Amino acid sequence: METPDLLLAQLGWKPFFSEQFPPEDSDSVQPARVISVHRGRVTVAGEGYEDSIPSGLPVPGGAEDRPTVGDWLLVDRNSRTIVRILARTSLFKRPAPGDDRRVQLIAANVDTLFIVTACTQDFNVARLERYLVLAREVGVRPVVVLTKADLSPEPEALVVAAQALQAGLRVELVNGLDPASVAHLLDYCGVGETVALVGSSGVGKSTLVKTLTGSTSIATQAVREDDGKGRHTTTVREMYRLASVEDGGVAEGGWLVDTPGMRELQMSEVSTGVTEVFDDVTTVALACKFSNCTHVAEPGCAINAALAAGELDPARVARWRKLSHEDAVSSSAATVRRARSGNASNKR
Ligand SMILES: Nc1nc2c(ncn2[C@@H]2O[C@H](COP(=O)(O)OP(=O)(O)OP(=O)(O)O)[C@@H](O)[C@H]2O)c(=O)[nH]1
Ligand SMILES: [Mg+2]
Ligand SMILES: [Zn+2]
């Protein structure tokens, strides 16, 4: 017999959340986790129940005041409406495609990020670095999952290339279609833990979720046809429950969040992540003569000195420059945007 507390713990309930939930409120509201997001509604799961409720908040707020997959909510027991969204341990978001004044929330309260890439044309160290920056910035543990090992003549070389990006980085090589090959990924996703899968379209994120959960209802892309477009590209964000076998008995495992493939990953307000992922480069830059050195032609530039001495990889420095520049430009644009929308709402 499971205790109610255990059920919430299986959903990912942690002290961080219970501390935000005054016990005297439990008569009127109950905590529930967002399992999937639909137009105007969210599917939530709580202690022994699952329900579809309106996604609106009592008081509409800022861009991040919307429920996303993985969120913990307090739900009114009578009206079945959201009372509030609990503060998040982590939040993945990006500028909304086609409308950079809005942000798109991808997933909340994630413990581990599976950065999924295929041992095919998709493999690209610059893209992997972008996802690593994102993971650092958001504060979740990254794991690189290299799929389609069965389609590559020399997948081990790619494992080595990925591992070189960050000391201690976990890199897993799998055939996503083979349950035995993906089984060890379950170690990253114990009871109550949440793993989000991100990566380009077609790399095999939904396939991994399908194989790991044993689900038959998750749609994956058909093998790519001449137009290069799959027919079952994921469009919703949804969490899937893992069943794990422990001590001979079957227990509920953690949660996998499938996300739609991203065509491009824009970086904004990620300077901490860039600094940490490129710490080999940023440490050298500390020794530049000028603190605002652009590392182009300044005297006393430690980056250029290290490049000349062969102590830094020119390709990695070039990727660092590009990401830092992109972050600086889009972050200042975001600041301007916020200032403008702040003014606009004051006038209303
Ligand atoms: N041979 C082989 N095929 C794979 C593997 N993983 C995925 N595939 C195939 O690759 C295609 C795309 O897989 P999906 O799982 O739909 O890709 P996705 O990342 O979810 O794509 P989006 O939803 O568009 O982001 C499907 O035809 C899968 O069967 C693998 O490890 N080996
Ligand atoms: Mg998919
Ligand atoms: Zn410099």
# chains A, B, ... in the order shown; residues from 1 in each chain; ligands from 1
$ select_by_dssp --residues "stretch 57-102 of chain A" --states "strand (DSSP E or B)" --output "MDAnalysis selection string"
chainID A and resid 72:76 82:85 91:95
$ write_last_selection --atoms "all heavy atoms" --output "compact mmCIF listing (two decimals), in the first residue's frame"
# COMPACT_ATOMS: atom_id res chain seq x y z
N TRP A 72 4.89 22.64 -10.95
CA TRP A 72 4.05 22.29 -9.81
C TRP A 72 3.06 23.43 -9.58
O TRP A 72 3.46 24.60 -9.51
CB TRP A 72 4.90 22.08 -8.55
CG TRP A 72 5.44 20.69 -8.49
CD1 TRP A 72 6.72 20.31 -8.78
CD2 TRP A 72 4.73 19.51 -8.12
NE1 TRP A 72 6.84 18.95 -8.63
CE2 TRP A 72 5.64 18.43 -8.22
CE3 TRP A 72 3.42 19.24 -7.72
CZ2 TRP A 72 5.28 17.11 -7.93
CZ3 TRP A 72 3.06 17.93 -7.44
CH2 TRP A 72 3.99 16.88 -7.54
N LEU A 73 1.78 23.07 -9.50
CA LEU A 73 0.72 24.06 -9.31
C LEU A 73 0.02 23.82 -7.98
O LEU A 73 0.03 22.70 -7.47
CB LEU A 73 -0.34 23.91 -10.42
CG LEU A 73 0.13 23.84 -11.86
CD1 LEU A 73 -1.07 23.56 -12.76
CD2 LEU A 73 0.81 25.14 -12.25
N LEU A 74 -0.59 24.87 -7.47
CA LEU A 74 -1.59 24.68 -6.42
C LEU A 74 -2.94 24.85 -7.10
O LEU A 74 -3.19 25.86 -7.77
CB LEU A 74 -1.40 25.70 -5.29
CG LEU A 74 -0.08 25.54 -4.50
CD1 LEU A 74 -0.04 26.55 -3.35
CD2 LEU A 74 0.09 24.12 -3.97
N VAL A 75 -3.78 23.82 -6.98
CA VAL A 75 -5.07 23.80 -7.67
C VAL A 75 -6.19 23.87 -6.63
O VAL A 75 -6.15 23.16 -5.61
CB VAL A 75 -5.21 22.50 -8.50
CG1 VAL A 75 -6.57 22.44 -9.19
CG2 VAL A 75 -4.09 22.41 -9.53
N ASP A 76 -7.17 24.73 -6.90
CA ASP A 76 -8.32 24.87 -6.01
C ASP A 76 -9.15 23.58 -6.04
O ASP A 76 -9.54 23.11 -7.10
CB ASP A 76 -9.18 26.06 -6.46
CG ASP A 76 -10.28 26.37 -5.46
OD1 ASP A 76 -11.23 25.56 -5.32
OD2 ASP A 76 -10.19 27.43 -4.80
N ILE A 82 -6.30 26.91 -11.39
CA ILE A 82 -4.96 27.14 -10.84
C ILE A 82 -4.99 28.32 -9.87
O ILE A 82 -5.50 29.39 -10.21
CB ILE A 82 -3.95 27.43 -11.97
CG1 ILE A 82 -3.90 26.24 -12.95
CG2 ILE A 82 -2.56 27.72 -11.40
CD1 ILE A 82 -3.05 26.50 -14.18
N VAL A 83 -4.48 28.10 -8.68
CA VAL A 83 -4.35 29.19 -7.71
C VAL A 83 -3.01 29.89 -7.90
O VAL A 83 -2.93 31.10 -7.98
CB VAL A 83 -4.48 28.65 -6.26
CG1 VAL A 83 -4.23 29.76 -5.25
CG2 VAL A 83 -5.86 28.03 -6.06
N ARG A 84 -1.93 29.09 -8.02
CA ARG A 84 -0.65 29.67 -8.39
C ARG A 84 0.34 28.61 -8.84
O ARG A 84 0.13 27.42 -8.61
CB ARG A 84 -0.06 30.52 -7.26
CG ARG A 84 0.36 29.78 -6.03
CD ARG A 84 0.76 30.80 -4.96
NE ARG A 84 0.95 30.17 -3.68
CZ ARG A 84 2.14 29.78 -3.20
NH1 ARG A 84 3.22 29.96 -3.91
NH2 ARG A 84 2.23 29.21 -2.02
N ILE A 85 1.40 29.10 -9.50
CA ILE A 85 2.49 28.22 -9.94
C ILE A 85 3.58 28.32 -8.88
O ILE A 85 4.00 29.43 -8.52
CB ILE A 85 3.06 28.68 -11.30
CG1 ILE A 85 1.96 28.74 -12.36
CG2 ILE A 85 4.19 27.76 -11.76
CD1 ILE A 85 2.41 29.36 -13.68
N LEU A 91 14.12 26.17 -15.18
CA LEU A 91 13.17 26.50 -16.25
C LEU A 91 13.90 26.63 -17.58
O LEU A 91 14.85 27.40 -17.70
CB LEU A 91 12.46 27.84 -15.94
CG LEU A 91 11.52 28.35 -17.03
CD1 LEU A 91 10.32 27.44 -17.22
CD2 LEU A 91 11.04 29.77 -16.73
N PHE A 92 13.46 25.84 -18.56
CA PHE A 92 13.98 25.97 -19.92
C PHE A 92 13.02 26.82 -20.72
O PHE A 92 11.82 26.58 -20.72
CB PHE A 92 14.12 24.60 -20.60
CG PHE A 92 15.31 23.85 -20.11
CD1 PHE A 92 15.18 22.86 -19.17
CD2 PHE A 92 16.57 24.15 -20.60
CE1 PHE A 92 16.29 22.17 -18.70
CE2 PHE A 92 17.68 23.48 -20.14
CZ PHE A 92 17.54 22.48 -19.20
N LYS A 93 13.58 27.82 -21.40
CA LYS A 93 12.74 28.69 -22.24
C LYS A 93 13.57 29.13 -23.43
O LYS A 93 14.79 28.94 -23.45
CB LYS A 93 12.27 29.89 -21.44
CG LYS A 93 13.43 30.68 -20.87
CD LYS A 93 13.00 31.85 -20.03
CE LYS A 93 14.26 32.49 -19.48
NZ LYS A 93 14.08 33.65 -18.69
N ARG A 94 12.90 29.70 -24.41
CA ARG A 94 13.63 30.26 -25.54
C ARG A 94 12.78 31.36 -26.14
O ARG A 94 11.56 31.40 -25.92
CB ARG A 94 13.94 29.18 -26.57
CG ARG A 94 12.68 28.58 -27.18
CD ARG A 94 13.03 27.84 -28.44
NE ARG A 94 11.87 27.22 -29.02
CZ ARG A 94 11.86 26.67 -30.23
NH1 ARG A 94 12.93 26.67 -30.96
NH2 ARG A 94 10.77 26.13 -30.70
N PRO A 95 13.40 32.26 -26.93
CA PRO A 95 12.58 33.26 -27.61
C PRO A 95 11.60 32.53 -28.51
O PRO A 95 11.98 31.57 -29.18
CB PRO A 95 13.60 34.05 -28.43
CG PRO A 95 14.94 33.76 -27.82
CD PRO A 95 14.84 32.38 -27.25
$ closest_atom_pairs --of "chain A" --to "ligand 3" --cutoff "10 Å" --atoms "only C-alpha atoms and all ligand atoms" --output "Markdown table"
| residue | atom | partner | partner_atom_place_in_ligand_line | distance |
| --- | --- | --- | --- | --- |
| A:Thr282 | CA | ligand 3 | 1 (Zn) | 9.8 |
| A:Val284 | CA | ligand 3 | 1 (Zn) | 8.5 |
| A:Ala285 | CA | ligand 3 | 1 (Zn) | 5.6 |
| A:Leu286 | CA | ligand 3 | 1 (Zn) | 8.2 |
| A:Ala287 | CA | ligand 3 | 1 (Zn) | 7.8 |
| A:Cys288 | CA | ligand 3 | 1 (Zn) | 4.7 |
| A:Lys289 | CA | ligand 3 | 1 (Zn) | 7.2 |
| A:Phe290 | CA | ligand 3 | 1 (Zn) | 7.2 |
| A:Ser291 | CA | ligand 3 | 1 (Zn) | 8.1 |
| A:Asn292 | CA | ligand 3 | 1 (Zn) | 8.0 |
| A:Cys293 | CA | ligand 3 | 1 (Zn) | 4.5 |
| A:Thr294 | CA | ligand 3 | 1 (Zn) | 5.6 |
| A:His295 | CA | ligand 3 | 1 (Zn) | 3.5 |
| A:Val296 | CA | ligand 3 | 1 (Zn) | 7.0 |
| A:Ala297 | CA | ligand 3 | 1 (Zn) | 8.1 |
| A:Glu298 | CA | ligand 3 | 1 (Zn) | 6.7 |
| A:Pro299 | CA | ligand 3 | 1 (Zn) | 8.2 |
| A:Gly300 | CA | ligand 3 | 1 (Zn) | 7.0 |
| A:Cys301 | CA | ligand 3 | 1 (Zn) | 3.7 |
| A:Ala302 | CA | ligand 3 | 1 (Zn) | 5.3 |
| A:Ile303 | CA | ligand 3 | 1 (Zn) | 5.1 |
| A:Asn304 | CA | ligand 3 | 1 (Zn) | 6.6 |
| A:Ala305 | CA | ligand 3 | 1 (Zn) | 8.6 |
| A:Ala306 | CA | ligand 3 | 1 (Zn) | 9.9 |
$ residues_around --residues "stretch 177-192 of chain A" --least-positions-apart "6" --cutoff "12 Å" --atoms "only C-alpha atoms" --output "PDB file with C-alpha atoms, in the first residue's frame"
ATOM      1  CA  ASP A   5       3.287  11.263   0.330  1.00  0.00           C
ATOM      2  CA  LEU A   6       5.036   8.614  -1.681  1.00  0.00           C
ATOM      3  CA  LEU A   7       2.755   9.298  -4.609  1.00  0.00           C
ATOM      4  CA  LEU A   8       3.655  12.976  -4.605  1.00  0.00           C
ATOM      5  CA  ALA A   9       7.339  12.056  -4.258  1.00  0.00           C
ATOM      6  CA  GLN A  10       7.017   9.802  -7.286  1.00  0.00           C
ATOM      7  CA  LEU A  11       5.704  12.787  -9.199  1.00  0.00           C
ATOM      8  CA  GLY A  12       8.831  14.739  -8.249  1.00  0.00           C
ATOM      9  CA  TRP A  13       7.536  16.566  -5.144  1.00  0.00           C
ATOM     10  CA  LYS A  14      10.500  17.795  -3.096  1.00  0.00           C
ATOM     11  CA  ARG A  33       2.166  18.585 -11.568  1.00  0.00           C
ATOM     12  CA  GLY A  70       6.890  19.860 -15.230  1.00  0.00           C
ATOM     13  CA  ASN A 109      11.650  21.482 -12.657  1.00  0.00           C
ATOM     14  CA  VAL A 110      14.009  19.335 -14.718  1.00  0.00           C
ATOM     15  CA  ASP A 111      16.874  17.477 -13.000  1.00  0.00           C
ATOM     16  CA  THR A 112      18.787  16.177 -16.001  1.00  0.00           C
ATOM     17  CA  LEU A 113      18.983  17.245 -19.628  1.00  0.00           C
ATOM     18  CA  PHE A 114      19.485  14.628 -22.331  1.00  0.00           C
ATOM     19  CA  ARG A 141      23.037  18.140 -15.244  1.00  0.00           C
ATOM     20  CA  PRO A 142      23.732  17.553 -18.950  1.00  0.00           C
ATOM     21  CA  VAL A 143      24.155  14.121 -20.541  1.00  0.00           C
ATOM     22  CA  VAL A 144      24.956  13.844 -24.246  1.00  0.00           C
ATOM     23  CA  VAL A 145      23.029  10.989 -25.853  1.00  0.00           C
ATOM     24  CA  LEU A 146      24.353   9.941 -29.240  1.00  0.00           C
ATOM     25  CA  THR A 147      21.657   8.018 -31.117  1.00  0.00           C
ATOM     26  CA  LYS A 148      21.731   5.973 -34.313  1.00  0.00           C
ATOM     27  CA  ALA A 149      24.976   4.232 -33.328  1.00  0.00           C
ATOM     28  CA  ASP A 150      23.805   1.440 -35.629  1.00  0.00           C
ATOM     29  CA  LEU A 151      23.975   3.773 -38.638  1.00  0.00           C
ATOM     30  CA  ARG A 170      28.754  12.027 -19.627  1.00  0.00           C
ATOM     31  CA  VAL A 171      28.314  10.795 -23.193  1.00  0.00           C
ATOM     32  CA  VAL A 203      17.571  12.841 -33.978  1.00  0.00           C
ATOM     33  CA  GLY A 204      15.389  10.304 -32.166  1.00  0.00           C
ATOM     34  CA  LYS A 205      14.067  11.968 -28.992  1.00  0.00           C
ATOM     35  CA  SER A 206      10.571  10.496 -29.252  1.00  0.00           C
ATOM     36  CA  THR A 207      12.079   7.160 -30.254  1.00  0.00           C
ATOM     37  CA  LEU A 208      14.107   7.125 -27.014  1.00  0.00           C
ATOM     38  CA  VAL A 209      11.027   7.965 -24.960  1.00  0.00           C
ATOM     39  CA  LYS A 210       9.069   5.279 -26.740  1.00  0.00           C
ATOM     40  CA  THR A 211      11.723   2.596 -26.220  1.00  0.00           C
ATOM     41  CA  LEU A 212      12.439   3.578 -22.595  1.00  0.00           C
ATOM     42  CA  THR A 213       8.776   3.661 -21.567  1.00  0.00           C
ATOM     43  CA  GLY A 214       7.734   0.737 -23.741  1.00  0.00           C
ATOM     44  CA  SER A 215       4.921   2.963 -24.994  1.00  0.00           C
ATOM     45  CA  THR A 220       7.811   9.161 -34.098  1.00  0.00           C
ATOM     46  CA  TYR A 240       6.018  10.309 -19.819  1.00  0.00           C
ATOM     47  CA  ARG A 241       6.289   8.031 -16.838  1.00  0.00           C
ATOM     48  CA  LEU A 242       8.954   5.345 -16.640  1.00  0.00           C
ATOM     49  CA  ALA A 243       8.311   2.034 -14.973  1.00  0.00           C
ATOM     50  CA  SER A 244      11.463   0.714 -13.387  1.00  0.00           C
ATOM     51  CA  VAL A 245      12.225  -2.633 -11.874  1.00  0.00           C
ATOM     52  CA  GLU A 246      13.710  -2.442  -8.394  1.00  0.00           C
ATOM     53  CA  VAL A 250       8.110  -3.137 -10.369  1.00  0.00           C
ATOM     54  CA  ALA A 251       8.166   0.418  -9.043  1.00  0.00           C
ATOM     55  CA  GLU A 252       7.303   3.626 -10.789  1.00  0.00           C
ATOM     56  CA  GLY A 253      10.364   5.305 -12.249  1.00  0.00           C
ATOM     57  CA  GLY A 254      11.017   8.905 -13.138  1.00  0.00           C
ATOM     58  CA  TRP A 255       9.690  11.165 -15.870  1.00  0.00           C
ATOM     59  CA  LEU A 256      10.815  11.898 -19.411  1.00  0.00           C
ATOM     60  CA  VAL A 257       9.840  15.179 -21.067  1.00  0.00           C
TER      61      VAL A 257
END
$ residues_around --residues "A:Thr272" --least-positions-apart "6" --cutoff "9 Å" --atoms "only C-alpha atoms" --output "PyMOL selection string"
chain A and resi 133+136-137
$ closest_residue --among "A:Asp258, A:Ser52, A:Glu19, A:Asn175" --to "ligand 2" --atoms "only C-alpha atoms and all ligand atoms"
A:Asp258
$ closest_residue --among "A:Ala108, A:Val42, A:Val198, A:Val140" --to "ligand 1" --atoms "only C-alpha atoms and all ligand atoms"
A:Val198
$ closest_residue --among "A:Ile35, A:Met262, A:Ala107, A:Leu57" --to "ligand 2" --atoms "only C-alpha atoms and all ligand atoms"
A:Met262
$ closest_residue --among "A:Val116, A:Ala164, A:Leu197, A:Leu86" --to "A:Phe17" --atoms "only C-alpha atoms"
A:Leu86
$ select_by_dssp --residues "stretch 80-317 of chain A" --states "helix (DSSP H, G or I)" --output "ChimeraX atom specification"
/A:125-138,149-151,155-163,179-188,205-213,271-277,279-285,302-308,314-317
$ atom_distance --atom1 "atom CA of A:Glu269" --atom2 "atom CA of A:Lys322"
14.2 Å
$ decode --residues "stretch 105-211 of chain A" --atoms "C-alpha atoms" --output "PDB file, in the first residue's frame"
ATOM      1  CA  LEU A 105       8.527  27.903 -21.993  1.00  0.00           C
ATOM      2  CA  ILE A 106       9.898  24.444 -22.719  1.00  0.00           C
ATOM      3  CA  ALA A 107       9.980  22.594 -19.402  1.00  0.00           C
ATOM      4  CA  ALA A 108      10.241  23.291 -15.684  1.00  0.00           C
ATOM      5  CA  ASN A 109      11.650  21.482 -12.657  1.00  0.00           C
ATOM      6  CA  VAL A 110      14.009  19.335 -14.718  1.00  0.00           C
ATOM      7  CA  ASP A 111      16.874  17.477 -13.000  1.00  0.00           C
ATOM      8  CA  THR A 112      18.787  16.177 -16.001  1.00  0.00           C
ATOM      9  CA  LEU A 113      18.983  17.245 -19.628  1.00  0.00           C
ATOM     10  CA  PHE A 114      19.485  14.628 -22.331  1.00  0.00           C
ATOM     11  CA  ILE A 115      21.160  16.509 -25.174  1.00  0.00           C
ATOM     12  CA  VAL A 116      20.220  14.207 -28.011  1.00  0.00           C
ATOM     13  CA  THR A 117      22.196  14.145 -31.242  1.00  0.00           C
ATOM     14  CA  ALA A 118      22.577  11.473 -33.887  1.00  0.00           C
ATOM     15  CA  CYS A 119      25.772   9.833 -35.161  1.00  0.00           C
ATOM     16  CA  THR A 120      24.846  11.168 -38.571  1.00  0.00           C
ATOM     17  CA  GLN A 121      24.918  14.577 -40.243  1.00  0.00           C
ATOM     18  CA  ASP A 122      23.357  16.112 -37.132  1.00  0.00           C
ATOM     19  CA  PHE A 123      26.528  15.728 -35.076  1.00  0.00           C
ATOM     20  CA  ASN A 124      28.045  19.168 -34.590  1.00  0.00           C
ATOM     21  CA  VAL A 125      30.237  20.284 -31.698  1.00  0.00           C
ATOM     22  CA  ALA A 126      29.106  23.920 -31.951  1.00  0.00           C
ATOM     23  CA  ARG A 127      25.494  22.850 -31.482  1.00  0.00           C
ATOM     24  CA  LEU A 128      26.405  20.571 -28.575  1.00  0.00           C
ATOM     25  CA  GLU A 129      28.204  23.463 -26.915  1.00  0.00           C
ATOM     26  CA  ARG A 130      25.067  25.588 -27.221  1.00  0.00           C
ATOM     27  CA  TYR A 131      23.037  22.983 -25.388  1.00  0.00           C
ATOM     28  CA  LEU A 132      25.766  22.626 -22.752  1.00  0.00           C
ATOM     29  CA  VAL A 133      25.641  26.392 -22.188  1.00  0.00           C
ATOM     30  CA  LEU A 134      21.874  26.176 -21.830  1.00  0.00           C
ATOM     31  CA  ALA A 135      22.163  23.337 -19.281  1.00  0.00           C
ATOM     32  CA  ARG A 136      24.749  25.275 -17.250  1.00  0.00           C
ATOM     33  CA  GLU A 137      22.706  28.454 -17.346  1.00  0.00           C
ATOM     34  CA  VAL A 138      19.559  26.672 -16.198  1.00  0.00           C
ATOM     35  CA  GLY A 139      21.467  24.615 -13.636  1.00  0.00           C
ATOM     36  CA  VAL A 140      20.683  21.058 -14.685  1.00  0.00           C
ATOM     37  CA  ARG A 141      23.037  18.140 -15.244  1.00  0.00           C
ATOM     38  CA  PRO A 142      23.732  17.553 -18.950  1.00  0.00           C
ATOM     39  CA  VAL A 143      24.155  14.121 -20.541  1.00  0.00           C
ATOM     40  CA  VAL A 144      24.956  13.844 -24.246  1.00  0.00           C
ATOM     41  CA  VAL A 145      23.029  10.989 -25.853  1.00  0.00           C
ATOM     42  CA  LEU A 146      24.353   9.941 -29.240  1.00  0.00           C
ATOM     43  CA  THR A 147      21.657   8.018 -31.117  1.00  0.00           C
ATOM     44  CA  LYS A 148      21.731   5.973 -34.313  1.00  0.00           C
ATOM     45  CA  ALA A 149      24.976   4.232 -33.328  1.00  0.00           C
ATOM     46  CA  ASP A 150      23.805   1.440 -35.629  1.00  0.00           C
ATOM     47  CA  LEU A 151      23.975   3.773 -38.638  1.00  0.00           C
ATOM     48  CA  SER A 152      27.544   4.980 -38.107  1.00  0.00           C
ATOM     49  CA  PRO A 153      30.692   3.109 -39.106  1.00  0.00           C
ATOM     50  CA  GLU A 154      32.792   4.776 -36.380  1.00  0.00           C
ATOM     51  CA  PRO A 155      30.576   6.149 -33.614  1.00  0.00           C
ATOM     52  CA  GLU A 156      33.353   5.998 -30.977  1.00  0.00           C
ATOM     53  CA  ALA A 157      35.183   8.897 -32.627  1.00  0.00           C
ATOM     54  CA  LEU A 158      32.092  11.047 -32.030  1.00  0.00           C
ATOM     55  CA  VAL A 159      31.960   9.995 -28.373  1.00  0.00           C
ATOM     56  CA  VAL A 160      35.550  11.171 -27.961  1.00  0.00           C
ATOM     57  CA  ALA A 161      34.782  14.481 -29.714  1.00  0.00           C
ATOM     58  CA  ALA A 162      31.795  15.100 -27.442  1.00  0.00           C
ATOM     59  CA  GLN A 163      33.688  14.173 -24.275  1.00  0.00           C
ATOM     60  CA  ALA A 164      36.407  16.665 -25.175  1.00  0.00           C
ATOM     61  CA  LEU A 165      33.910  19.529 -24.815  1.00  0.00           C
ATOM     62  CA  GLN A 166      33.798  19.479 -21.025  1.00  0.00           C
ATOM     63  CA  ALA A 167      35.746  17.674 -18.320  1.00  0.00           C
ATOM     64  CA  GLY A 168      33.694  14.824 -16.878  1.00  0.00           C
ATOM     65  CA  LEU A 169      30.887  15.172 -19.418  1.00  0.00           C
ATOM     66  CA  ARG A 170      28.754  12.027 -19.627  1.00  0.00           C
ATOM     67  CA  VAL A 171      28.314  10.795 -23.193  1.00  0.00           C
ATOM     68  CA  GLU A 172      26.093   7.801 -23.968  1.00  0.00           C
ATOM     69  CA  LEU A 173      26.073   5.986 -27.296  1.00  0.00           C
ATOM     70  CA  VAL A 174      22.848   4.155 -28.142  1.00  0.00           C
ATOM     71  CA  ASN A 175      20.672   2.620 -30.777  1.00  0.00           C
ATOM     72  CA  GLY A 176      17.383   4.201 -29.786  1.00  0.00           C
ATOM     73  CA  LEU A 177      15.372   1.414 -31.379  1.00  0.00           C
ATOM     74  CA  ASP A 178      16.972  -1.274 -29.203  1.00  0.00           C
ATOM     75  CA  PRO A 179      15.660  -1.626 -25.609  1.00  0.00           C
ATOM     76  CA  ALA A 180      18.858  -3.346 -24.421  1.00  0.00           C
ATOM     77  CA  SER A 181      20.997  -0.538 -25.820  1.00  0.00           C
ATOM     78  CA  VAL A 182      19.058   2.252 -24.078  1.00  0.00           C
ATOM     79  CA  ALA A 183      18.432   0.479 -20.744  1.00  0.00           C
ATOM     80  CA  HIS A 184      21.402   2.075 -18.956  1.00  0.00           C
ATOM     81  CA  LEU A 185      19.886   5.530 -19.566  1.00  0.00           C
ATOM     82  CA  LEU A 186      17.331   4.636 -16.875  1.00  0.00           C
ATOM     83  CA  ASP A 187      20.094   5.201 -14.305  1.00  0.00           C
ATOM     84  CA  TYR A 188      19.717   8.931 -14.879  1.00  0.00           C
ATOM     85  CA  CYS A 189      16.025   8.848 -14.176  1.00  0.00           C
ATOM     86  CA  GLY A 190      15.172   7.312 -10.830  1.00  0.00           C
ATOM     87  CA  VAL A 191      11.883   7.626  -8.948  1.00  0.00           C
ATOM     88  CA  GLY A 192      10.732  11.254  -8.773  1.00  0.00           C
ATOM     89  CA  GLU A 193      13.420  12.501 -11.138  1.00  0.00           C
ATOM     90  CA  THR A 194      12.710  14.391 -14.340  1.00  0.00           C
ATOM     91  CA  VAL A 195      14.752  14.214 -17.525  1.00  0.00           C
ATOM     92  CA  ALA A 196      14.063  16.509 -20.499  1.00  0.00           C
ATOM     93  CA  LEU A 197      15.136  15.502 -24.004  1.00  0.00           C
ATOM     94  CA  VAL A 198      16.260  18.261 -26.338  1.00  0.00           C
ATOM     95  CA  GLY A 199      17.890  18.281 -29.763  1.00  0.00           C
ATOM     96  CA  SER A 200      17.257  18.831 -33.455  1.00  0.00           C
ATOM     97  CA  SER A 201      14.264  17.389 -35.237  1.00  0.00           C
ATOM     98  CA  GLY A 202      14.691  13.772 -36.297  1.00  0.00           C
ATOM     99  CA  VAL A 203      17.571  12.841 -33.978  1.00  0.00           C
ATOM    100  CA  GLY A 204      15.389  10.304 -32.166  1.00  0.00           C
ATOM    101  CA  LYS A 205      14.067  11.968 -28.992  1.00  0.00           C
ATOM    102  CA  SER A 206      10.571  10.496 -29.252  1.00  0.00           C
ATOM    103  CA  THR A 207      12.079   7.160 -30.254  1.00  0.00           C
ATOM    104  CA  LEU A 208      14.107   7.125 -27.014  1.00  0.00           C
ATOM    105  CA  VAL A 209      11.027   7.965 -24.960  1.00  0.00           C
ATOM    106  CA  LYS A 210       9.069   5.279 -26.740  1.00  0.00           C
ATOM    107  CA  THR A 211      11.723   2.596 -26.220  1.00  0.00           C
TER     108      THR A 211
END
